[in-house]
Amino acid sequence: LLLDDLRVRNMELRAEARRTEADGFIQGSGTLGVDELDLPALSVRRVDMDATLESGEDLKVTASVVMDDARDGSLSAQIPLAPTPLAVLLERLEFRADQDRWTLARPARIELFDGIGIDSLELASGDQGILARGRAGTQGPLDLRVEVRAFRMETVADMVGLPRLRGPLNGVLALGGTGEAPLLDATFSGQLQPSGAQPSEITLTAGFADGTMELEGVVMAEGARGARVVATLPVDFSLASGFGGLTDGKPVLLEAAADSLSLEWVGLFLPSDVARGLQGMLHGTVKVEGNPESPRFAGSLELSGGSVRLPALGVEYRRGEARLRFLDDRVLLDSFRIRSGGGSLVASGAVALPRLDQPEYTVSVTADGFHAIRTSGIDATASGELDLSGTGFQLAVAGGIELERSEVQI
């Protein structure tokens with residue numbers, strides 16, 4: 001079965017039920033088996049589920065999942081067939097991830113009516129713990145609290161799209177207000193690291209109320225190297241209507257400072273099929289004030305020692321250097337140079353931001369013997385000049401490129 005990014009290798013369902021006109025379904029059973037379930041950020045090797053219903057009893061469900069050689073789990077639950085609210089009584093939950101074995105501290109009742117309500121769901125594995133209780137939904141009052149204690153991120157890093165992140169995380173998230181006007185207060189900290197990089201102390205705090213998001217994030221490695229970002233953003237957001245972007249006419253403030261920040265932290269958020277091994281150091285400060293429809297910028301950033309592997313192009317770009325200046329409503333690319341093979345690519349230009357959501361850019365690019373691509377179909381070294389301009393995602397390109405020492409396999 002294929003559905004967009006969902007892929008199921010094999011699925012088998014068997015079910016039987018008996019009902020009476022007076023009592024409805026009174027007896028039944030079913031089994032479900034799924035082989036090789038693939039989602040964009042998650043792969044599951046095998047899922048098995050059994051359900052039984054006896055006259056006068058609740059629906060009983062057991063399930064097991066094998067994700068890979070290191071992770072598997074199982075659960076058992078009861079679903080009362082009484083009138084709403086629909087609820088699930090989670091009796092047992094176990095999950096193994098490498099040497100960690102997570103278990104449910106006590107049975108937990110989860111209501112699935114007009115949102116989700118949790119009386120108290122607590123999972124523990126040694127010194128690690130996760131506790132969730134309260135209610136969340138798109139409408140009505142909110143009262144949800146989630147606590148995380150010494151949770152090792154490598155357990156689920158690939159599930160949340162950060163497969164190269166590891167280290168322990170602590171934090172608390174509290175959600176209040178209503179679905180139409182939510183209130184958020186969250187604090188997370190830990191000693192985290194991208195794979196292959198030095199560990200850094202991470203702190204993130206976030207608050208949301210009355211249409212304003214307050215954020216502060218700190219990444220600090222040994223020797224006081226890292227970055228700090230503080231932001232106040234007017235955000236159109238509710239659980240009822242979703243995210244509507246930045247709100248015009250309200251103040252924006254963002255201040256960021258980087259002192260030898262490793263680009264490996266940026267590489268965490270890039271898909272591995274797009275970029276790998278992103279390295280380099282970022283230095284400088286940036287300040288943004290004004291409002292979304294009339295921002296003002298100040299500061300500068302410098303990149304040194306940049307390198308990245310691009311799997312789709314089959315090449316590694318290295319020895320990257322760049323300098324950016326932020327001035328009024330523009331971002332000036334004073335210089336950019338990166339090397340590949342025996343050549344280089346340089347660029348300069350500007351991005352005008354009359355509005356934060358409407359960038360207007362003009363960039364000139366010059367390649368000199370630059371090894372641009374090396375795949376099974378094409379191996380190309382290029383020289384030439386290009387001018388790029390446009391607004392948003394509308395790009396115009398003009399210029400000329402000469403291919404040198406190139407091969408095309410057909």
# chains A, B, ... in the order shown; residues from 1 in each chain; ligands from 1

call {"tool": "residues_around", "arguments": {"residues": "Ala367 in chain A", "least_positions_apart": "6", "cutoff": "9 Å", "atoms": "only C-alpha atoms", "output": "number ranges by chain"}}
result
A: 343-347, 382-386, 401

call {"tool": "select_by_dssp", "arguments": {"residues": "range 42-228 of chain A", "states": "strand (DSSP E)", "output": "PyMOL selection string"}}
result
chain A and resi 42-53+59-66+71-79+87-97+100-104+108-111+116-125+128-136+143-152+165-166+168-177+182-194+200-209+212-221+225-228

call {"tool": "residues_around", "arguments": {"residues": "Ala97 in chain A", "least_positions_apart": "2", "cutoff": "9 Å", "atoms": "only C-alpha atoms", "output": "list of chain:residue names"}}
result
A:Ala70, A:Arg71, A:Asp72, A:Gly73, A:Phe95, A:Gln99, A:Asp100, A:Arg101, A:Trp102, A:Thr155, A:Val156

call {"tool": "write_last_selection", "arguments": {"atoms": "N, CA and C atoms", "output": "mmCIF file, in the first residue's frame"}}
result
data_model
loop_
_atom_site.group_PDB
_atom_site.id
_atom_site.type_symbol
_atom_site.label_atom_id
_atom_site.label_comp_id
_atom_site.auth_asym_id
_atom_site.auth_seq_id
_atom_site.Cartn_x
_atom_site.Cartn_y
_atom_site.Cartn_z
ATOM 1 N N ALA A 70 16.977 -2.730 17.969
ATOM 2 C CA ALA A 70 17.215 -2.132 19.279
ATOM 3 C C ALA A 70 15.957 -1.664 19.974
ATOM 4 N N ARG A 71 14.822 -1.556 19.261
ATOM 5 C CA ARG A 71 13.633 -0.957 19.863
ATOM 6 C C ARG A 71 12.388 -1.794 19.561
ATOM 7 N N ASP A 72 11.650 -2.110 20.634
ATOM 8 C CA ASP A 72 10.378 -2.800 20.494
ATOM 9 C C ASP A 72 9.533 -2.484 21.718
ATOM 10 N N GLY A 73 8.230 -2.763 21.632
ATOM 11 C CA GLY A 73 7.341 -2.469 22.742
ATOM 12 C C GLY A 73 6.056 -3.246 22.666
ATOM 13 N N PHE A 95 8.444 -0.555 26.723
ATOM 14 C CA PHE A 95 9.180 -0.152 25.529
ATOM 15 C C PHE A 95 10.658 -0.331 25.797
ATOM 16 N N GLN A 99 19.621 -0.370 25.875
ATOM 17 C CA GLN A 99 19.654 -0.904 27.241
ATOM 18 C C GLN A 99 18.527 -0.357 28.103
ATOM 19 N N ASP A 100 17.774 0.602 27.630
ATOM 20 C CA ASP A 100 16.691 1.191 28.422
ATOM 21 C C ASP A 100 15.414 0.378 28.280
ATOM 22 N N ARG A 101 14.749 0.157 29.418
ATOM 23 C CA ARG A 101 13.464 -0.543 29.413
ATOM 24 C C ARG A 101 12.440 0.337 30.123
ATOM 25 N N TRP A 102 11.532 0.892 29.347
ATOM 26 C CA TRP A 102 10.507 1.794 29.874
ATOM 27 C C TRP A 102 9.271 0.994 30.261
ATOM 28 N N THR A 155 17.009 8.016 22.052
ATOM 29 C CA THR A 155 15.935 7.021 22.031
ATOM 30 C C THR A 155 14.922 7.306 20.938
ATOM 31 N N VAL A 156 14.582 8.588 20.731
ATOM 32 C CA VAL A 156 13.530 8.944 19.779
ATOM 33 C C VAL A 156 13.983 10.004 18.786
#

call {"tool": "select_by_dssp", "arguments": {"residues": "range 212-360 of chain A", "states": "alpha helix (DSSP H)", "output": "MDAnalysis selection string"}}
result
chainID A and resid 264:267

call {"tool": "write_last_selection", "arguments": {"atoms": "N, CA, C and O atoms", "output": "PDB file, in the first residue's frame"}}
result
ATOM      1  N   GLU A 264      27.445  22.402  13.106  1.00  0.00           N
ATOM      2  CA  GLU A 264      26.864  21.075  13.300  1.00  0.00           C
ATOM      3  C   GLU A 264      25.485  21.182  13.954  1.00  0.00           C
ATOM      4  O   GLU A 264      24.641  20.316  13.760  1.00  0.00           O
ATOM      5  N   TRP A 265      25.258  22.254  14.750  1.00  0.00           N
ATOM      6  CA  TRP A 265      23.931  22.451  15.334  1.00  0.00           C
ATOM      7  C   TRP A 265      22.914  22.804  14.259  1.00  0.00           C
ATOM      8  O   TRP A 265      21.744  22.419  14.345  1.00  0.00           O
ATOM      9  N   VAL A 266      23.332  23.528  13.222  1.00  0.00           N
ATOM     10  CA  VAL A 266      22.438  23.815  12.100  1.00  0.00           C
ATOM     11  C   VAL A 266      22.194  22.548  11.284  1.00  0.00           C
ATOM     12  O   VAL A 266      21.079  22.272  10.843  1.00  0.00           O
ATOM     13  N   GLY A 267      23.250  21.744  11.101  1.00  0.00           N
ATOM     14  CA  GLY A 267      23.123  20.515  10.332  1.00  0.00           C
ATOM     15  C   GLY A 267      22.152  19.512  10.928  1.00  0.00           C
ATOM     16  O   GLY A 267      21.619  18.650  10.210  1.00  0.00           O
TER      17      GLY A 267
END

call {"tool": "residues_around", "arguments": {"residues": "Ala221 in chain A", "least_positions_apart": "3", "cutoff": "10 Å", "atoms": "only C-alpha atoms", "output": "PyMOL selection string"}}
result
chain A and resi 191-193+198-202+218+224-227+260-262

call {"tool": "write_last_selection", "arguments": {"atoms": "N, CA and C atoms", "output": "short mmCIF file (atom, residue, chain, number, x, y, z; two decimals), in the first residue's frame"}}
result
data_model
loop_
_atom_site.label_atom_id
_atom_site.label_comp_id
_atom_site.auth_asym_id
_atom_site.auth_seq_id
_atom_site.Cartn_x
_atom_site.Cartn_y
_atom_site.Cartn_z
N GLN A 191 22.43 18.49 28.41
CA GLN A 191 23.77 18.48 27.82
C GLN A 191 23.68 17.63 26.56
N LEU A 192 23.43 18.29 25.44
CA LEU A 192 23.16 17.61 24.18
C LEU A 192 24.32 17.81 23.22
N GLN A 193 24.37 16.94 22.21
CA GLN A 193 25.42 17.06 21.20
C GLN A 193 24.99 16.39 19.91
N GLN A 198 31.30 18.11 20.06
CA GLN A 198 31.42 18.22 21.51
C GLN A 198 30.07 18.49 22.14
N PRO A 199 29.83 17.98 23.37
CA PRO A 199 28.56 18.26 24.04
C PRO A 199 28.46 19.73 24.42
N SER A 200 27.24 20.24 24.44
CA SER A 200 26.98 21.63 24.80
C SER A 200 25.82 21.68 25.78
N GLU A 201 25.87 22.68 26.64
CA GLU A 201 24.76 22.92 27.55
C GLU A 201 23.68 23.70 26.79
N ILE A 202 22.47 23.13 26.77
CA ILE A 202 21.37 23.71 26.01
C ILE A 202 20.28 24.14 26.98
N VAL A 218 19.85 29.08 24.41
CA VAL A 218 21.29 29.20 24.63
C VAL A 218 21.94 27.86 24.29
N ALA A 224 33.16 28.88 26.66
CA ALA A 224 32.14 29.91 26.41
C ALA A 224 31.90 30.11 24.92
N ARG A 225 32.00 29.03 24.14
CA ARG A 225 31.71 29.10 22.71
C ARG A 225 30.28 28.65 22.49
N GLY A 226 29.53 29.39 21.68
CA GLY A 226 28.16 29.01 21.40
C GLY A 226 27.33 30.18 20.93
N ALA A 227 26.06 30.20 21.28
CA ALA A 227 25.16 31.24 20.79
C ALA A 227 24.02 31.44 21.76
N SER A 260 31.83 31.55 17.89
CA SER A 260 32.34 30.24 17.48
C SER A 260 31.27 29.16 17.63
N LEU A 261 30.06 29.45 17.14
CA LEU A 261 28.99 28.45 17.14
C LEU A 261 29.24 27.44 16.03
N SER A 262 29.30 26.16 16.37
CA SER A 262 29.52 25.11 15.39
C SER A 262 28.29 24.93 14.51
#

call {"tool": "residues_around", "arguments": {"residues": "Glu147 in chain A", "least_positions_apart": "6", "cutoff": "10 Å", "atoms": "only C-alpha atoms", "output": "PyMOL selection string"}}
result
chain A and resi 122+129-133+170-174+186-188

call {"tool": "atom_distance", "arguments": {"atom1": "CA of Gln78 in chain A", "atom2": "CA of Leu90 in chain A"}}
result
6.7 Å

call {"tool": "residues_around", "arguments": {"residues": "Glu216 in chain A", "least_positions_apart": "2", "cutoff": "12 Å", "atoms": "only C-alpha atoms", "output": "compact mmCIF listing (two decimals) with all heavy atoms, in the first residue's frame"}}
result
# COMPACT_ATOMS: atom_id res chain seq x y z
N ALA A 186 7.11 26.85 28.88
CA ALA A 186 7.96 25.67 28.73
C ALA A 186 9.41 26.02 29.02
O ALA A 186 9.89 27.09 28.65
CB ALA A 186 7.83 25.09 27.32
N THR A 187 10.11 25.09 29.66
CA THR A 187 11.54 25.22 29.93
C THR A 187 12.19 23.85 29.74
O THR A 187 11.75 22.88 30.35
CB THR A 187 11.81 25.72 31.36
OG1 THR A 187 11.19 26.99 31.55
CG2 THR A 187 13.31 25.86 31.60
N PHE A 188 13.22 23.79 28.90
CA PHE A 188 13.95 22.55 28.67
C PHE A 188 15.45 22.84 28.74
O PHE A 188 15.92 23.91 28.32
CB PHE A 188 13.59 21.95 27.31
CG PHE A 188 12.20 21.40 27.24
CD1 PHE A 188 11.16 22.20 26.80
CD2 PHE A 188 11.93 20.11 27.63
CE1 PHE A 188 9.87 21.72 26.74
CE2 PHE A 188 10.64 19.61 27.58
CZ PHE A 188 9.60 20.42 27.13
N SER A 189 16.20 21.88 29.25
CA SER A 189 17.64 22.03 29.34
C SER A 189 18.28 20.65 29.30
O SER A 189 17.64 19.63 29.57
CB SER A 189 18.04 22.75 30.64
OG SER A 189 17.66 21.98 31.76
N ILE A 202 22.47 23.13 26.77
CA ILE A 202 21.37 23.71 26.01
C ILE A 202 20.28 24.14 26.98
O ILE A 202 19.88 23.39 27.89
CB ILE A 202 20.78 22.68 25.02
CG1 ILE A 202 21.88 22.11 24.14
CG2 ILE A 202 19.69 23.32 24.17
CD1 ILE A 202 22.58 23.11 23.29
N THR A 203 19.76 25.36 26.78
CA THR A 203 18.62 25.84 27.55
C THR A 203 17.65 26.51 26.59
O THR A 203 18.05 27.32 25.76
CB THR A 203 19.05 26.86 28.62
OG1 THR A 203 20.02 26.26 29.48
CG2 THR A 203 17.85 27.30 29.45
N LEU A 204 16.37 26.14 26.70
CA LEU A 204 15.33 26.74 25.87
C LEU A 204 14.13 27.05 26.75
O LEU A 204 13.61 26.17 27.45
CB LEU A 204 14.91 25.79 24.75
CG LEU A 204 13.72 26.25 23.90
CD1 LEU A 204 14.05 27.53 23.14
CD2 LEU A 204 13.27 25.16 22.93
N THR A 205 13.70 28.30 26.75
CA THR A 205 12.48 28.70 27.44
C THR A 205 11.55 29.34 26.43
O THR A 205 11.99 30.06 25.53
CB THR A 205 12.77 29.68 28.58
OG1 THR A 205 13.39 30.87 28.05
CG2 THR A 205 13.69 29.06 29.61
N ALA A 206 10.25 29.09 26.59
CA ALA A 206 9.25 29.63 25.67
C ALA A 206 7.99 29.96 26.44
O ALA A 206 7.60 29.22 27.36
CB ALA A 206 8.94 28.62 24.56
N GLY A 207 7.38 31.05 26.08
CA GLY A 207 6.10 31.44 26.67
C GLY A 207 5.22 32.07 25.61
O GLY A 207 5.70 32.79 24.73
N MET A 213 4.76 35.57 21.47
CA MET A 213 5.65 34.47 21.81
C MET A 213 6.97 35.03 22.32
O MET A 213 7.60 35.87 21.68
CB MET A 213 5.92 33.59 20.59
CG MET A 213 6.89 32.45 20.83
SD MET A 213 6.22 31.14 21.90
CE MET A 213 5.10 30.33 20.73
N GLU A 214 7.38 34.57 23.51
CA GLU A 214 8.66 34.94 24.10
C GLU A 214 9.58 33.72 24.05
O GLU A 214 9.21 32.65 24.55
CB GLU A 214 8.50 35.40 25.54
CG GLU A 214 7.55 36.57 25.74
CD GLU A 214 8.23 37.91 25.49
OE1 GLU A 214 9.47 37.91 25.30
OE2 GLU A 214 7.53 38.94 25.48
N VAL A 218 19.85 29.08 24.41
CA VAL A 218 21.29 29.20 24.63
C VAL A 218 21.94 27.86 24.29
O VAL A 218 21.47 26.81 24.74
CB VAL A 218 21.62 29.58 26.09
CG1 VAL A 218 23.13 29.65 26.29
CG2 VAL A 218 20.98 30.92 26.45
N VAL A 219 23.00 27.91 23.49
CA VAL A 219 23.85 26.75 23.20
C VAL A 219 25.25 27.14 23.62
O VAL A 219 25.84 28.06 23.05
CB VAL A 219 23.83 26.39 21.71
CG1 VAL A 219 24.73 25.20 21.44
CG2 VAL A 219 22.40 26.09 21.25
N ALA A 227 26.06 30.20 21.28
CA ALA A 227 25.16 31.24 20.79
C ALA A 227 24.02 31.44 21.76
O ALA A 227 23.67 30.54 22.54
CB ALA A 227 24.62 30.87 19.41
N ARG A 228 23.42 32.64 21.69
CA ARG A 228 22.25 32.98 22.50
C ARG A 228 21.28 33.75 21.62
O ARG A 228 21.67 34.67 20.89
CB ARG A 228 22.65 33.81 23.71
CG ARG A 228 21.48 34.22 24.61
CD ARG A 228 21.99 34.94 25.84
NE ARG A 228 20.90 35.30 26.75
CZ ARG A 228 20.30 36.48 26.75
NH1 ARG A 228 20.69 37.43 25.87
NH2 ARG A 228 19.32 36.73 27.60
N VAL A 229 20.02 33.39 21.70
CA VAL A 229 18.97 34.05 20.93
C VAL A 229 17.83 34.41 21.87
O VAL A 229 17.37 33.57 22.66
CB VAL A 229 18.43 33.13 19.80
CG1 VAL A 229 17.31 33.83 19.05
CG2 VAL A 229 19.55 32.77 18.84
N VAL A 230 17.38 35.67 21.80
CA VAL A 230 16.23 36.14 22.56
C VAL A 230 15.26 36.78 21.56
O VAL A 230 15.68 37.59 20.72
CB VAL A 230 16.64 37.17 23.64
CG1 VAL A 230 15.40 37.68 24.38
CG2 VAL A 230 17.62 36.55 24.61
N ALA A 231 13.98 36.43 21.65
CA ALA A 231 13.02 36.94 20.67
C ALA A 231 11.67 37.20 21.31
O ALA A 231 11.23 36.46 22.19
CB ALA A 231 12.87 35.95 19.51
N THR A 232 11.03 38.26 20.84
CA THR A 232 9.63 38.55 21.13
C THR A 232 8.91 38.69 19.80
O THR A 232 9.21 39.59 19.01
CB THR A 232 9.49 39.86 21.94
OG1 THR A 232 10.20 39.73 23.17
CG2 THR A 232 8.02 40.15 22.23
N LEU A 233 7.97 37.78 19.53
CA LEU A 233 7.35 37.71 18.22
C LEU A 233 5.83 37.77 18.35
O LEU A 233 5.24 37.01 19.14
CB LEU A 233 7.74 36.41 17.51
CG LEU A 233 9.24 36.15 17.33
CD1 LEU A 233 9.47 34.77 16.75
CD2 LEU A 233 9.87 37.21 16.45
N LEU A 253 11.05 41.87 18.18
CA LEU A 253 12.40 42.07 18.71
C LEU A 253 13.12 40.73 18.70
O LEU A 253 12.62 39.74 19.23
CB LEU A 253 12.36 42.62 20.14
CG LEU A 253 13.73 42.78 20.82
CD1 LEU A 253 14.61 43.75 20.06
CD2 LEU A 253 13.58 43.18 22.28
N LEU A 254 14.29 40.72 18.05
CA LEU A 254 15.11 39.51 18.03
C LEU A 254 16.56 39.93 18.16
O LEU A 254 17.04 40.80 17.42
CB LEU A 254 14.90 38.73 16.74
CG LEU A 254 15.63 37.38 16.64
CD1 LEU A 254 14.82 36.38 15.83
CD2 LEU A 254 17.02 37.53 16.02
N GLU A 255 17.26 39.33 19.10
CA GLU A 255 18.68 39.57 19.31
C GLU A 255 19.39 38.23 19.36
O GLU A 255 19.00 37.33 20.11
CB GLU A 255 18.93 40.35 20.60
CG GLU A 255 18.37 41.76 20.59
CD GLU A 255 18.64 42.51 21.88
OE1 GLU A 255 18.15 42.03 22.92
OE2 GLU A 255 19.33 43.53 21.83
N ALA A 256 20.43 38.09 18.53
CA ALA A 256 21.19 36.84 18.47
C ALA A 256 22.67 37.16 18.49
O ALA A 256 23.12 38.11 17.84
CB ALA A 256 20.83 36.06 17.21
N ALA A 257 23.43 36.37 19.23
CA ALA A 257 24.87 36.52 19.30
C ALA A 257 25.51 35.15 19.21
O ALA A 257 25.09 34.20 19.89
CB ALA A 257 25.28 37.21 20.60

call {"tool": "atom_distance", "arguments": {"atom1": "CA of Thr381 in chain A", "atom2": "CA of Gly341 in chain A"}}
result
8.3 Å

call {"tool": "residues_around", "arguments": {"residues": "Ser55 in chain A", "least_positions_apart": "4", "cutoff": "12 Å", "atoms": "only C-alpha atoms", "output": "mmCIF file with all heavy atoms, in the first residue's frame"}}
result
data_model
loop_
_atom_site.group_PDB
_atom_site.id
_atom_site.type_symbol
_atom_site.label_atom_id
_atom_site.label_comp_id
_atom_site.auth_asym_id
_atom_site.auth_seq_id
_atom_site.Cartn_x
_atom_site.Cartn_y
_atom_site.Cartn_z
ATOM 1 N N ALA A 17 -17.615 -10.866 14.319
ATOM 2 C CA ALA A 17 -18.427 -10.252 15.376
ATOM 3 C C ALA A 17 -19.837 -10.801 15.307
ATOM 4 O O ALA A 17 -20.309 -11.246 14.258
ATOM 5 C CB ALA A 17 -18.437 -8.729 15.218
ATOM 6 N N ARG A 18 -20.516 -10.775 16.454
ATOM 7 C CA ARG A 18 -21.916 -11.196 16.538
ATOM 8 C C ARG A 18 -22.689 -10.107 17.267
ATOM 9 O O ARG A 18 -22.202 -9.519 18.238
ATOM 10 C CB ARG A 18 -22.011 -12.518 17.314
ATOM 11 C CG ARG A 18 -23.429 -13.072 17.385
ATOM 12 C CD ARG A 18 -23.400 -14.505 17.879
ATOM 13 N NE ARG A 18 -22.851 -14.612 19.235
ATOM 14 C CZ ARG A 18 -23.588 -14.482 20.337
ATOM 15 N NH1 ARG A 18 -24.895 -14.236 20.245
ATOM 16 N NH2 ARG A 18 -23.043 -14.610 21.527
ATOM 17 N N ARG A 19 -23.851 -9.809 16.796
ATOM 18 C CA ARG A 19 -24.645 -8.748 17.388
ATOM 19 C C ARG A 19 -26.099 -9.184 17.527
ATOM 20 O O ARG A 19 -26.542 -10.142 16.891
ATOM 21 C CB ARG A 19 -24.574 -7.484 16.534
ATOM 22 C CG ARG A 19 -25.342 -7.594 15.203
ATOM 23 C CD ARG A 19 -25.215 -6.345 14.368
ATOM 24 N NE ARG A 19 -25.721 -5.164 15.017
ATOM 25 C CZ ARG A 19 -26.988 -4.775 15.028
ATOM 26 N NH1 ARG A 19 -27.909 -5.508 14.411
ATOM 27 N NH2 ARG A 19 -27.365 -3.679 15.639
ATOM 28 N N THR A 20 -26.831 -8.494 18.386
ATOM 29 C CA THR A 20 -28.274 -8.657 18.491
ATOM 30 C C THR A 20 -28.900 -7.288 18.310
ATOM 31 O O THR A 20 -28.290 -6.250 18.574
ATOM 32 C CB THR A 20 -28.664 -9.216 19.871
ATOM 33 O OG1 THR A 20 -28.320 -8.259 20.878
ATOM 34 C CG2 THR A 20 -27.941 -10.528 20.152
ATOM 35 N N ASP A 23 -29.007 -5.488 21.833
ATOM 36 C CA ASP A 23 -27.791 -5.101 22.542
ATOM 37 C C ASP A 23 -26.654 -4.644 21.630
ATOM 38 O O ASP A 23 -25.589 -4.274 22.118
ATOM 39 C CB ASP A 23 -27.281 -6.274 23.386
ATOM 40 C CG ASP A 23 -28.324 -6.720 24.405
ATOM 41 O OD1 ASP A 23 -28.980 -5.838 24.979
ATOM 42 O OD2 ASP A 23 -28.450 -7.935 24.604
ATOM 43 N N GLY A 24 -26.846 -4.662 20.321
ATOM 44 C CA GLY A 24 -25.754 -4.298 19.427
ATOM 45 C C GLY A 24 -24.698 -5.384 19.413
ATOM 46 O O GLY A 24 -24.998 -6.565 19.646
ATOM 47 N N PHE A 25 -23.463 -5.024 19.137
ATOM 48 C CA PHE A 25 -22.380 -6.007 19.113
ATOM 49 C C PHE A 25 -22.103 -6.496 20.533
ATOM 50 O O PHE A 25 -21.846 -5.708 21.432
ATOM 51 C CB PHE A 25 -21.111 -5.394 18.508
ATOM 52 C CG PHE A 25 -21.208 -5.208 17.019
ATOM 53 C CD1 PHE A 25 -21.440 -3.958 16.467
ATOM 54 C CD2 PHE A 25 -21.095 -6.297 16.172
ATOM 55 C CE1 PHE A 25 -21.528 -3.785 15.102
ATOM 56 C CE2 PHE A 25 -21.190 -6.136 14.796
ATOM 57 C CZ PHE A 25 -21.411 -4.878 14.260
ATOM 58 N N ILE A 26 -22.132 -7.804 20.712
ATOM 59 C CA ILE A 26 -21.951 -8.367 22.043
ATOM 60 C C ILE A 26 -20.768 -9.325 22.108
ATOM 61 O O ILE A 26 -20.346 -9.705 23.199
ATOM 62 C CB ILE A 26 -23.224 -9.112 22.498
ATOM 63 C CG1 ILE A 26 -23.553 -10.264 21.529
ATOM 64 C CG2 ILE A 26 -24.386 -8.158 22.627
ATOM 65 C CD1 ILE A 26 -24.655 -11.153 22.016
ATOM 66 N N GLN A 27 -20.212 -9.708 20.951
ATOM 67 C CA GLN A 27 -19.113 -10.651 20.970
ATOM 68 C C GLN A 27 -18.324 -10.515 19.669
ATOM 69 O O GLN A 27 -18.897 -10.295 18.607
ATOM 70 C CB GLN A 27 -19.614 -12.090 21.124
ATOM 71 C CG GLN A 27 -18.505 -13.103 21.383
ATOM 72 C CD GLN A 27 -19.092 -14.486 21.645
ATOM 73 O OE1 GLN A 27 -20.203 -14.777 21.243
ATOM 74 N NE2 GLN A 27 -18.318 -15.319 22.330
ATOM 75 N N GLY A 28 -16.995 -10.610 19.781
ATOM 76 C CA GLY A 28 -16.193 -10.521 18.573
ATOM 77 C C GLY A 28 -14.717 -10.591 18.879
ATOM 78 O O GLY A 28 -14.283 -10.572 20.039
ATOM 79 N N SER A 29 -13.925 -10.711 17.826
ATOM 80 C CA SER A 29 -12.474 -10.725 17.960
ATOM 81 C C SER A 29 -11.869 -10.291 16.641
ATOM 82 O O SER A 29 -12.505 -10.350 15.584
ATOM 83 C CB SER A 29 -11.970 -12.122 18.355
ATOM 84 O OG SER A 29 -12.260 -13.054 17.324
ATOM 85 N N LEU A 59 -14.048 -3.828 25.672
ATOM 86 C CA LEU A 59 -13.199 -4.264 24.568
ATOM 87 C C LEU A 59 -11.754 -4.326 25.071
ATOM 88 O O LEU A 59 -11.237 -3.352 25.627
ATOM 89 C CB LEU A 59 -13.308 -3.285 23.399
ATOM 90 C CG LEU A 59 -12.438 -3.576 22.182
ATOM 91 C CD1 LEU A 59 -12.860 -4.885 21.525
ATOM 92 C CD2 LEU A 59 -12.501 -2.427 21.185
ATOM 93 N N LYS A 60 -11.103 -5.477 24.891
ATOM 94 C CA LYS A 60 -9.731 -5.671 25.356
ATOM 95 C C LYS A 60 -8.796 -5.688 24.146
ATOM 96 O O LYS A 60 -9.058 -6.380 23.158
ATOM 97 C CB LYS A 60 -9.609 -6.979 26.139
ATOM 98 C CG LYS A 60 -10.463 -7.000 27.399
ATOM 99 C CD LYS A 60 -10.341 -8.319 28.131
ATOM 100 C CE LYS A 60 -11.210 -8.323 29.380
ATOM 101 N NZ LYS A 60 -11.123 -9.613 30.112
ATOM 102 N N LEU A 81 -17.256 0.307 26.561
ATOM 103 C CA LEU A 81 -18.223 0.527 25.488
ATOM 104 C C LEU A 81 -19.424 1.335 25.948
ATOM 105 O O LEU A 81 -20.419 1.437 25.233
ATOM 106 C CB LEU A 81 -18.687 -0.821 24.926
ATOM 107 C CG LEU A 81 -17.586 -1.676 24.296
ATOM 108 C CD1 LEU A 81 -18.165 -2.959 23.740
ATOM 109 C CD2 LEU A 81 -16.854 -0.906 23.215
#

call {"tool": "closest_residue", "arguments": {"among": "A:Leu42, A:Leu184, A:Val351, A:Met11", "to": "Val146 in chain A", "atoms": "only C-alpha atoms"}}
result
A:Leu184

call {"tool": "decode", "arguments": {"residues": "range 212-239 of chain A", "atoms": "C-alpha atoms", "output": "PDB file, in the first residue's frame"}}
result
ATOM      1  CA  THR A 212       2.941  37.136  21.789  1.00  0.00           C
ATOM      2  CA  MET A 213       5.647  34.471  21.815  1.00  0.00           C
ATOM      3  CA  GLU A 214       8.663  34.945  24.096  1.00  0.00           C
ATOM      4  CA  LEU A 215      11.693  32.768  23.318  1.00  0.00           C
ATOM      5  CA  GLU A 216      15.198  32.395  24.707  1.00  0.00           C
ATOM      6  CA  GLY A 217      17.680  29.778  23.590  1.00  0.00           C
ATOM      7  CA  VAL A 218      21.289  29.201  24.632  1.00  0.00           C
ATOM      8  CA  VAL A 219      23.848  26.753  23.200  1.00  0.00           C
ATOM      9  CA  MET A 220      27.117  26.846  25.144  1.00  0.00           C
ATOM     10  CA  ALA A 221      30.122  24.561  24.678  1.00  0.00           C
ATOM     11  CA  GLU A 222      33.478  24.535  26.484  1.00  0.00           C
ATOM     12  CA  GLY A 223      35.351  27.832  26.518  1.00  0.00           C
ATOM     13  CA  ALA A 224      32.144  29.911  26.413  1.00  0.00           C
ATOM     14  CA  ARG A 225      31.709  29.104  22.711  1.00  0.00           C
ATOM     15  CA  GLY A 226      28.158  29.006  21.404  1.00  0.00           C
ATOM     16  CA  ALA A 227      25.162  31.236  20.789  1.00  0.00           C
ATOM     17  CA  ARG A 228      22.251  32.981  22.498  1.00  0.00           C
ATOM     18  CA  VAL A 229      18.971  34.046  20.929  1.00  0.00           C
ATOM     19  CA  VAL A 230      16.228  36.144  22.557  1.00  0.00           C
ATOM     20  CA  ALA A 231      13.024  36.939  20.668  1.00  0.00           C
ATOM     21  CA  THR A 232       9.628  38.554  21.133  1.00  0.00           C
ATOM     22  CA  LEU A 233       7.347  37.711  18.216  1.00  0.00           C
ATOM     23  CA  PRO A 234       3.700  38.635  17.538  1.00  0.00           C
ATOM     24  CA  VAL A 235       2.168  35.341  16.446  1.00  0.00           C
ATOM     25  CA  ASP A 236      -1.340  34.568  15.214  1.00  0.00           C
ATOM     26  CA  PHE A 237      -1.812  31.153  16.815  1.00  0.00           C
ATOM     27  CA  SER A 238      -4.472  29.068  18.511  1.00  0.00           C
ATOM     28  CA  LEU A 239      -5.178  25.363  18.791  1.00  0.00           C
TER      29      LEU A 239
END
